[in-house]
Each structure stands twice: as C-alpha cells, then as structure tokens.
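For reference, run05.csv is printed below; it contains CSV, C-alpha atoms.
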```csv
chain,number,residue,atom,x,y,z
N,182,MET,CA,185.6,-165.0,-79.2
N,183,ARG,CA,186.9,-165.0,-75.6
N,184,LYS,CA,186.1,-162.0,-73.5
N,185,LYS,CA,189.0,-159.9,-72.2
N,186,ARG,CA,190.2,-161.2,-68.9
N,187,ILE,CA,191.7,-159.1,-66.1
N,188,VAL,CA,193.1,-159.7,-62.6
N,189,ILE,CA,192.5,-156.8,-60.1
N,190,ALA,CA,194.8,-156.5,-57.1
N,191,LEU,CA,193.2,-154.6,-54.3
N,192,GLY,CA,195.4,-152.7,-51.8
N,193,HIS,CA,194.8,-151.8,-48.2
N,194,GLU,CA,192.8,-148.6,-49.2
N,195,ALA,CA,190.2,-150.9,-50.8
N,196,LEU,CA,189.6,-152.9,-47.7
N,197,GLY,CA,190.1,-150.7,-44.6
N,198,THR,CA,191.3,-152.1,-41.3
N,199,THR,CA,188.6,-152.7,-38.7
N,200,LEU,CA,185.3,-154.6,-39.2
N,201,PRO,CA,183.2,-151.5,-39.8
N,202,GLU,CA,185.9,-149.9,-42.0
N,203,GLN,CA,186.0,-153.1,-44.1
N,204,LYS,CA,182.2,-153.2,-44.6
N,205,GLU,CA,182.2,-149.6,-45.9
N,206,ALA,CA,185.4,-150.0,-47.9
N,207,THR,CA,184.2,-153.1,-49.8
N,208,ARG,CA,181.1,-151.2,-50.8
N,209,ARG,CA,183.2,-148.5,-52.5
N,210,THR,CA,185.5,-151.2,-54.0
N,211,ALA,CA,182.5,-153.1,-55.4
N,212,LYS,CA,181.6,-150.0,-57.5
N,213,ALA,CA,185.1,-150.0,-59.1
N,214,VAL,CA,185.0,-153.7,-59.7
N,215,ALA,CA,181.5,-153.5,-61.2
N,216,ASP,CA,182.7,-150.9,-63.7
N,217,PHE,CA,185.0,-153.6,-65.3
N,218,ILE,CA,182.2,-156.2,-65.2
N,219,GLN,CA,179.7,-153.8,-66.8
N,220,GLN,CA,182.2,-153.4,-69.7
N,221,ASP,CA,182.1,-157.2,-70.2
N,222,TYR,CA,185.5,-158.1,-68.7
N,223,GLN,CA,186.0,-161.5,-67.0
N,224,VAL,CA,187.3,-160.5,-63.6
N,225,ALA,CA,189.4,-162.3,-61.0
N,226,ILE,CA,190.2,-160.3,-57.8
N,227,THR,CA,193.1,-160.6,-55.3
N,228,HIS,CA,193.5,-158.5,-52.2
N,229,SER,CA,195.9,-157.6,-49.4
N,230,ASN,CA,195.3,-158.8,-45.9
N,231,GLY,CA,198.0,-157.2,-43.8
N,232,PRO,CA,195.9,-155.6,-41.0
N,233,GLN,CA,193.4,-158.4,-41.0
N,234,VAL,CA,195.9,-161.3,-40.7
N,235,GLY,CA,197.8,-159.3,-38.1
N,236,MET,CA,194.6,-158.9,-36.1
N,237,ILE,CA,193.7,-162.6,-36.4
N,238,HIS,CA,197.3,-163.7,-35.4
N,239,THR,CA,197.2,-161.3,-32.4
N,240,ALA,CA,193.8,-162.5,-31.3
N,241,MET,CA,194.7,-166.2,-31.5
N,242,ALA,CA,197.9,-165.6,-29.7
N,243,GLU,CA,196.1,-163.8,-26.8
N,244,PHE,CA,193.5,-166.6,-26.7
N,245,CYS,CA,196.3,-169.2,-26.3
N,246,LYS,CA,197.8,-167.1,-23.4
N,247,LEU,CA,194.4,-167.3,-21.6
N,248,TYR,CA,193.8,-170.9,-22.5
N,249,PRO,CA,197.2,-172.7,-22.7
N,250,GLU,CA,195.6,-176.0,-23.4
N,251,TYR,CA,194.8,-174.8,-26.9
N,252,THR,CA,197.4,-175.1,-29.7
N,253,ALA,CA,198.9,-171.9,-31.1
N,254,THR,CA,197.6,-171.0,-34.5
N,255,PRO,CA,200.1,-171.2,-37.4
N,256,MET,CA,200.5,-168.2,-39.8
N,257,SER,CA,199.1,-170.4,-42.7
N,258,VAL,CA,195.9,-170.9,-40.8
N,259,CYS,CA,195.6,-167.2,-39.9
N,260,SER,CA,196.0,-166.5,-43.6
N,261,ALA,CA,193.2,-168.9,-44.4
N,262,MET,CA,191.0,-167.2,-41.9
N,263,SER,CA,191.7,-163.8,-43.4
N,264,GLN,CA,190.8,-165.0,-46.9
N,265,GLY,CA,187.4,-166.2,-45.7
N,266,TYR,CA,186.7,-163.1,-43.6
N,267,ILE,CA,187.7,-160.6,-46.3
N,268,GLY,CA,186.2,-162.7,-49.1
N,269,TYR,CA,182.8,-162.8,-47.3
N,270,ASP,CA,182.5,-159.0,-47.2
N,271,LEU,CA,184.0,-158.5,-50.7
N,272,GLN,CA,181.8,-161.0,-52.6
N,273,ASN,CA,178.6,-159.9,-50.9
N,274,ALA,CA,179.4,-156.2,-51.7
N,275,ILE,CA,180.2,-157.0,-55.3
N,276,ARG,CA,177.0,-159.2,-55.6
N,277,THR,CA,174.9,-156.3,-54.2
N,278,GLU,CA,176.4,-153.7,-56.5
N,279,LEU,CA,175.9,-155.9,-59.6
N,280,LEU,CA,172.3,-156.6,-58.7
N,281,ASP,CA,171.8,-152.8,-58.2
N,282,ARG,CA,173.0,-152.4,-61.8
N,283,GLY,CA,170.8,-155.2,-63.1
N,284,ILE,CA,173.7,-157.6,-63.6
N,285,TYR,CA,173.1,-161.2,-62.5
N,286,LYS,CA,176.4,-163.0,-62.1
N,287,PRO,CA,177.6,-165.3,-59.2
N,288,VAL,CA,180.6,-164.1,-57.1
N,289,SER,CA,182.7,-166.7,-55.3
N,290,THR,CA,185.7,-166.7,-53.0
N,291,VAL,CA,188.2,-169.6,-53.4
N,292,LEU,CA,190.3,-170.5,-50.5
N,293,THR,CA,193.6,-170.5,-52.3
N,294,GLN,CA,196.9,-172.2,-51.5
N,295,VAL,CA,200.1,-171.1,-53.3
N,296,THR,CA,203.3,-173.2,-53.3
N,297,VAL,CA,206.6,-171.8,-52.4
N,298,ASP,CA,210.2,-173.2,-52.7
N,299,PRO,CA,211.6,-174.3,-49.3
N,300,TYR,CA,215.0,-173.3,-50.5
N,301,ASP,CA,213.9,-169.8,-51.5
N,302,GLU,CA,216.5,-167.3,-50.3
N,303,ALA,CA,213.7,-165.3,-48.5
N,304,PHE,CA,213.6,-168.0,-45.8
N,305,TYR,CA,217.2,-167.2,-44.9
N,306,LYS,CA,216.4,-163.4,-44.8
N,307,PRO,CA,212.9,-162.9,-43.3
N,308,THR,CA,211.6,-159.3,-43.8
N,309,LYS,CA,207.9,-159.3,-43.0
N,310,ILE,CA,206.8,-158.1,-39.5
N,311,VAL,CA,203.6,-159.8,-38.3
N,312,GLY,CA,201.5,-160.3,-35.2
N,313,ARG,CA,201.3,-158.9,-31.8
N,314,VAL,CA,203.9,-156.9,-29.7
N,315,MET,CA,205.8,-159.2,-27.3
N,316,THR,CA,207.8,-158.8,-24.2
N,317,ARG,CA,211.5,-159.8,-24.2
N,318,GLU,CA,210.6,-163.1,-22.4
N,319,GLU,CA,207.9,-163.9,-24.9
N,320,ALA,CA,210.3,-163.1,-27.8
N,321,GLU,CA,212.9,-165.4,-26.4
N,322,ALA,CA,210.3,-168.2,-26.1
N,323,GLU,CA,209.4,-167.7,-29.8
N,324,GLU,CA,213.1,-167.9,-30.8
N,325,LYS,CA,213.4,-171.2,-28.9
N,326,LYS,CA,210.6,-172.5,-31.1
N,327,GLY,CA,212.7,-171.6,-34.1
N,328,ASN,CA,210.8,-168.5,-35.0
N,329,HIS,CA,212.5,-165.2,-36.0
N,330,VAL,CA,211.9,-162.1,-33.8
N,331,VAL,CA,212.9,-158.5,-34.4
N,332,GLU,CA,212.9,-155.5,-32.0
N,333,THR,CA,210.6,-152.6,-33.0
N,334,LYS,CA,209.8,-149.2,-31.4
N,335,GLU,CA,206.8,-150.9,-29.7
N,336,GLY,CA,208.6,-154.0,-28.5
N,337,TYR,CA,209.4,-157.4,-30.0
N,338,ARG,CA,207.5,-158.9,-33.0
N,339,ARG,CA,207.8,-161.9,-35.2
N,340,ILE,CA,209.3,-161.6,-38.6
N,341,VAL,CA,208.7,-164.1,-41.4
N,342,ALA,CA,209.9,-164.7,-44.9
N,343,ALA,CA,208.2,-163.5,-48.1
N,344,PRO,CA,209.1,-166.1,-50.7
N,345,LYS,CA,208.1,-166.0,-54.4
N,346,PRO,CA,204.9,-167.8,-55.4
N,347,MET,CA,205.4,-170.8,-57.6
N,348,GLU,CA,202.0,-172.5,-58.4
N,349,VAL,CA,198.4,-171.8,-57.4
N,350,ILE,CA,197.0,-175.1,-56.2
N,351,GLU,CA,193.3,-174.2,-57.0
N,352,ILE,CA,194.1,-172.7,-60.4
N,353,ASP,CA,191.8,-175.2,-62.3
N,354,ALA,CA,188.8,-174.3,-60.1
N,355,ILE,CA,189.5,-170.5,-60.6
N,356,ARG,CA,189.9,-171.0,-64.3
N,357,ALA,CA,186.7,-172.9,-64.5
N,358,LEU,CA,184.7,-170.2,-62.7
N,359,LEU,CA,186.1,-167.5,-65.1
N,360,ASP,CA,185.4,-169.7,-68.1
N,361,ALA,CA,181.8,-169.8,-66.9
N,362,ASP,CA,181.8,-166.0,-66.8
N,363,GLN,CA,181.6,-165.8,-63.0
N,364,ILE,CA,183.5,-163.4,-60.8
N,365,VAL,CA,186.1,-165.0,-58.5
N,366,VAL,CA,188.0,-163.7,-55.4
N,367,ALA,CA,191.3,-165.7,-55.1
N,368,CYS,CA,194.9,-165.6,-53.8
N,369,GLY,CA,193.8,-163.3,-51.0
N,370,GLY,CA,196.7,-161.9,-49.1
N,371,GLY,CA,199.1,-163.5,-51.6
N,372,GLY,CA,197.5,-166.9,-51.0
N,373,ILE,CA,198.2,-169.4,-48.2
N,374,PRO,CA,201.9,-170.3,-48.5
N,375,VAL,CA,202.4,-174.1,-48.6
N,376,LEU,CA,205.2,-176.5,-49.1
N,377,VAL,CA,204.8,-179.6,-51.2
N,378,GLN,CA,205.8,-182.8,-49.3
N,379,ASP,CA,205.2,-185.8,-51.5
N,380,HIS,CA,201.4,-185.6,-52.1
N,381,ARG,CA,200.7,-183.5,-49.0
N,382,LEU,CA,200.7,-179.8,-48.6
N,383,LYS,CA,202.2,-178.2,-45.4
N,384,GLY,CA,201.6,-174.6,-44.4
N,385,ALA,CA,204.7,-172.5,-44.5
N,386,SER,CA,205.6,-169.9,-41.8
N,387,ALA,CA,205.7,-167.1,-44.4
N,388,VAL,CA,203.6,-164.5,-46.3
N,389,ILE,CA,203.6,-164.0,-50.0
N,390,GLU,CA,203.6,-160.4,-51.4
N,391,LYS,CA,200.1,-160.0,-52.7
N,392,ASP,CA,201.1,-158.0,-55.8
N,393,THR,CA,203.5,-160.8,-56.8
N,394,ALA,CA,200.8,-163.4,-56.3
N,395,ALA,CA,198.4,-161.3,-58.4
N,396,GLY,CA,200.9,-161.2,-61.2
N,397,LYS,CA,201.4,-165.0,-61.0
N,398,LEU,CA,197.6,-165.6,-61.0
N,399,ALA,CA,197.2,-163.3,-64.0
N,400,GLU,CA,200.0,-165.2,-65.8
N,401,LEU,CA,198.4,-168.6,-65.0
N,402,LEU,CA,195.0,-167.4,-66.2
N,403,ASP,CA,196.4,-165.9,-69.4
N,404,ALA,CA,194.8,-162.6,-68.5
N,405,ASP,CA,195.0,-159.6,-70.8
N,406,MET,CA,195.5,-157.0,-68.1
N,407,LEU,CA,196.7,-156.8,-64.5
N,408,VAL,CA,195.2,-153.9,-62.6
N,409,ILE,CA,196.9,-152.9,-59.4
N,410,LEU,CA,195.0,-150.5,-57.2
N,411,THR,CA,197.0,-148.6,-54.7
N,412,GLY,CA,197.3,-145.3,-52.8
N,413,VAL,CA,198.6,-143.2,-55.7
N,414,GLU,CA,197.0,-142.1,-59.0
N,415,LYS,CA,200.2,-142.7,-61.0
N,416,VAL,CA,203.6,-144.3,-60.6
N,417,CYS,CA,206.2,-141.5,-60.1
N,418,LEU,CA,209.9,-141.1,-60.6
N,419,ASP,CA,211.7,-139.3,-57.7
N,420,PHE,CA,208.6,-139.9,-55.6
N,421,GLY,CA,208.2,-137.4,-52.7
N,422,ARG,CA,210.9,-135.1,-54.0
N,423,GLU,CA,210.7,-131.7,-55.8
N,424,THR,CA,211.6,-133.4,-59.0
N,425,GLU,CA,208.7,-135.9,-58.8
N,426,GLN,CA,207.6,-137.0,-62.2
N,427,PRO,CA,204.3,-138.9,-62.7
N,428,LEU,CA,204.3,-141.4,-65.5
N,429,ASP,CA,201.4,-142.0,-67.9
N,430,THR,CA,203.0,-145.0,-69.6
N,431,MET,CA,206.1,-147.2,-69.1
N,432,THR,CA,207.6,-150.0,-71.2
N,433,VAL,CA,209.0,-153.1,-69.6
N,434,ALA,CA,212.5,-152.1,-70.5
N,435,GLU,CA,212.0,-148.7,-68.9
N,436,ALA,CA,210.5,-150.3,-65.8
N,437,GLU,CA,213.5,-152.6,-65.5
N,438,ARG,CA,215.9,-149.6,-65.9
N,439,TYR,CA,214.0,-147.7,-63.2
N,440,ILE,CA,214.2,-150.7,-60.9
N,441,GLU,CA,218.0,-150.9,-61.4
N,442,GLU,CA,218.2,-147.2,-60.5
N,443,GLY,CA,216.4,-147.8,-57.2
N,444,GLN,CA,213.4,-145.6,-58.2
N,445,PHE,CA,210.8,-147.7,-56.5
N,446,GLU,CA,210.6,-148.3,-52.7
N,447,GLU,CA,210.9,-151.9,-51.5
N,448,GLY,CA,207.7,-153.1,-49.9
N,449,THR,CA,205.5,-150.5,-51.6
N,450,MET,CA,205.8,-149.7,-55.3
N,451,LEU,CA,208.7,-152.0,-56.1
N,452,PRO,CA,206.7,-155.3,-55.9
N,453,LYS,CA,203.9,-153.8,-58.0
N,454,ILE,CA,206.3,-152.9,-60.8
N,455,GLN,CA,208.1,-156.3,-60.6
N,456,ALA,CA,204.7,-158.1,-60.7
N,457,ALA,CA,203.7,-156.1,-63.8
N,458,VAL,CA,207.0,-156.7,-65.5
N,459,GLU,CA,207.0,-160.5,-64.8
N,460,PHE,CA,203.3,-160.8,-66.0
N,461,ILE,CA,203.9,-158.9,-69.3
N,462,GLY,CA,207.2,-160.6,-70.1
N,463,ASN,CA,207.6,-160.6,-73.9
N,464,SER,CA,203.9,-160.4,-74.6
N,465,ALA,CA,202.8,-157.7,-77.1
N,466,VAL,CA,199.1,-157.9,-75.9
N,467,ARG,CA,199.4,-158.0,-72.1
N,468,SER,CA,199.4,-154.8,-70.1
N,469,ALA,CA,199.3,-153.6,-66.5
N,470,LEU,CA,197.5,-150.6,-65.0
N,471,ILE,CA,198.5,-149.0,-61.7
N,472,THR,CA,196.3,-146.4,-60.2
N,473,ARG,CA,194.0,-145.5,-57.2
N,474,LEU,CA,190.7,-147.1,-56.4
N,475,ASP,CA,188.8,-143.9,-57.0
N,476,THR,CA,190.4,-143.3,-60.4
N,477,THR,CA,189.9,-146.8,-61.7
N,478,ARG,CA,187.2,-145.8,-64.3
N,479,GLU,CA,189.4,-143.0,-65.7
N,480,GLY,CA,192.4,-145.4,-65.8
N,481,LEU,CA,190.3,-148.0,-67.7
N,482,ASP,CA,189.5,-145.3,-70.3
N,483,GLY,CA,193.2,-144.3,-70.5
N,484,ARG,CA,192.6,-140.9,-68.9
N,485,THR,CA,194.8,-141.5,-65.8
N,486,GLY,CA,197.0,-144.1,-64.1
N,487,THR,CA,200.2,-145.6,-65.3
N,488,VAL,CA,200.0,-148.2,-68.1
N,489,ILE,CA,202.9,-150.6,-68.5
N,490,HIS,CA,203.3,-152.5,-71.8
N,491,LYS,CA,206.0,-154.4,-73.7
```

Please, can you express the file's structure as structure tokens?
Amino acid sequence: MRKKRIVIALGHEALGTTLPEQKEATRRTAKAVADFIQQDYQVAITHSNGPQVGMIHTAMAEFCKLYPEYTATPMSVCSAMSQGYIGYDLQNAIRTELLDRGIYKPVSTVLTQVTVDPYDEAFYKPTKIVGRVMTREEAEAEEKKGNHVVETKEGYRRIVAAPKPMEVIEIDAIRALLDADQIVVACGGGGIPVLVQDHRLKGASAVIEKDTAAGKLAELLDADMLVILTGVEKVCLDFGRETEQPLDTMTVAEAERYIEEGQFEEGTMLPKIQAAVEFIGNSAVRSALITRLDTTREGLDGRTGTVIHK
C-alpha cells in the first residue's frame, strides 16, 4: 500500500530574509517538516524565494556596475542560484532534525525548471517587482533593453511577468526520489521559468507564483494533500475587518464563490486558494491545509488551520 504523499509549500516566515535569519528559520521549519515524516508521510517541499532572489539580483547587478566586462545575470539564473542557496540550508536542517529523532532518510534538493507559455497573458501585464532600486537613467537603460520598469516610493525597479506553470521538467527525478521514500526539495521559488524552443530550454524573464507551482507539483505527483504554510493560522473572510470570520473548512465550490466575491487579496491569500482549488479539482480524496508554520502539528491533527476539500 502506498504511503500518503504530501507537498508542503513554505512561505517567507519559514525561511527568513538574511543569511543568519535563514539559518535559524530553517531549523524551526525542519521541526514542522519532520512531524509529517515521523507520521510516515512521503514529503516533497517547495518554498518561496522573494527576499533571496531579490538580494541575488541586486548583488549581481551591482557587481556588473563595478565590472562592466561581466555579463548581466538573467532572472532565470538568479532563480537557480536562490534554489541552491535555500535548498542547502533547508535540506541540512531537515537532515539534522531527522537524525535527532532517530530517522535515517536522505534529503535532496532538485534544481527545478518549470515551463511557461510564451503567449501567457501575464507577459503582457507584468506585476512582480524585483531587484534593486534604480535611478531614472538606469531605468531608461533597462527599458531600452526591452525590460519593464515601474516607479515606486524608493525609486525605479524592474517589473516582470508571473505566468502560470505548465510542466515540471524534472518531475520524473522528483517522483523517483519520493517513490524511494526520500525527502525532496523542489520547485523552489516557483521553479526556474523556462520556454521550450524545439529541444532547448530558454530561461524566461519572469517569476512563477510559488503557491501555484506547489499546486502543480502536487497534481503531477498525485499527492494526497497540499499543505500551504503562511502567516495566518486560518483563512478568514472579511480579513482585517470587524466582521472577520476564520474558516475551519471550505469546499471547492465555496472557495470559488469567495474568490468571485473578492474575499482574498491578490498576491497574498488568493494564489494559495487558487492553488488548492486547482489541485483538488473533482477529486474526493485530495485536500489542502492552510495554516501557520507553528500550528502545523495541530493542523495535521485537525485542531486548527483551514482544510479545503471537494
């Protein structure tokens, strides 16, 4: 009999921002992940990379300013760097926590590429702000290269598309690791967005919403549950208002209705709910859990969090 399989999507709170913060945060995160493994789940882990990829992009841009002979680093390469940098801390923290509990299982990070559609509408309406703050002159130079720029309170910054994920290139390797009962970190930061050109893959100037990628990964792995760890204990209606109403459970039909009503904020809770809905689809056995990192165990036991089901 196959073990239950889950995909865990880690948010910013699970990783921190700076190098020291990330080291400490991944230790706490490893305890929550180990709780699932100790209950004999097969676990795949995805994670956000917003602060990290921004730091890498800024650092590489500043380096090119100092040394113009070096080529500027594309967003896709920055995303790949962030996967390795976060995966390194995360897999070592999980390995240590498992060994402390007497559990001997390998943990691996897979550098993951995710295909996107070059005709995705997101490319015509970029929304994701990335990278360093630029002067007007630097912003104009970026626009001449064909990049999109937006003016913020701090100055000018690049803005890129957030297309939907289509296929995970390394899915067979990820699936093989899970089938061997190993823990795998994959699709970090939503995956490295790539375009398929004949038999070649070309990095896309974009970012993929990590919750959407987590849902796609869970679907491709035929997972039983998608666990999205975020900054709130439960999904709420009328969030932040006097009428705020925490939800213990939600059906797919209810979730779709709440989306239509505009209950969930774009860029925060909305992609999480959409990922859960798309993952569950018409399945009577799949479910999704949305909760905080520090209430994961209670959520797993059904004592807190918001569970979404058909």

Write out as a Markdown table a residue-level contact list of range 219-279 of chain N versus range 359-375 of chain N with cut-off 9 Å: for each qualifying residue the closest pair of atoms and the distance in Å to one decimal, counting all atoms listed in the file, rows sorted by chain and residue number upward.
```
| residue | atom | partner | partner_atom | distance |
| --- | --- | --- | --- | --- |
| N:Tyr222 | CA | N:Asp362 | CA | 8.9 |
| N:Gln223 | CA | N:Asp362 | CA | 6.2 |
| N:Val224 | CA | N:Ile364 | CA | 5.5 |
| N:Ala225 | CA | N:Val365 | CA | 4.9 |
| N:Ile226 | CA | N:Val366 | CA | 4.7 |
| N:Thr227 | CA | N:Gly369 | CA | 5.1 |
| N:His228 | CA | N:Gly369 | CA | 5.0 |
| N:Ser229 | CA | N:Gly370 | CA | 4.4 |
| N:Asn230 | CA | N:Gly370 | CA | 4.7 |
| N:Gly231 | CA | N:Gly370 | CA | 7.2 |
| N:Val234 | CA | N:Gly370 | CA | 8.5 |
| N:Met256 | CA | N:Ile373 | CA | 8.8 |
| N:Ser257 | CA | N:Ile373 | CA | 5.7 |
| N:Val258 | CA | N:Ile373 | CA | 7.9 |
| N:Cys259 | CA | N:Ile373 | CA | 9.0 |
| N:Ser260 | CA | N:Ile373 | CA | 5.9 |
| N:Ala261 | CA | N:Ile373 | CA | 6.3 |
| N:Ser263 | CA | N:Gly370 | CA | 7.8 |
| N:Gln264 | CA | N:Gly369 | CA | 5.4 |
| N:Gly265 | CA | N:Gly369 | CA | 8.8 |
| N:Ile267 | CA | N:Gly369 | CA | 8.2 |
| N:Gly268 | CA | N:Val366 | CA | 6.6 |
| N:Leu271 | CA | N:Val366 | CA | 8.1 |
| N:Gln272 | CA | N:Val366 | CA | 7.3 |
```

Please list as a PyMOL selection string every residue within 10 Å of Ala213 in chain N, counting only C-alpha atoms and excluding residues in the same chain fewer than 3 positions away. chain N and resi 195+207-210+216-218+275+278+474-478

Between N:Ile350, N:Lys491, N:Glu400, N:Ile284, smallest distance to Asn463 in chain N by only C-alpha atoms belongs to N:Lys491

If we count all atoms listed in the file and set the cut-off at 9 Å, which residues sit around Thr472 in chain N, ignoring sequence neighbours fewer than 5 positions away in its own chain? Please answer as a PyMOL selection string. chain N and resi 408-416+477+480+485-488

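Between CA of Ala469 in chain N and CA of Pro232 in chain N there is a distance of 25.8 Å.
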
So which residues touch range 335-347 of chain N within 10 Å, counting only C-alpha atoms, skipping near sequence neighbours fewer than 4 positions away, as a VMD selection string? chain N and resid 256 294 to 321 323 to 324 328 to 331 371 to 375 385 to 391 393 to 398

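When only C-alpha atoms are used to compute distances to Glu437 in chain N, the closest of the residues N:His193, N:Lys204, N:His490, N:Arg473 turns out to be N:His490.
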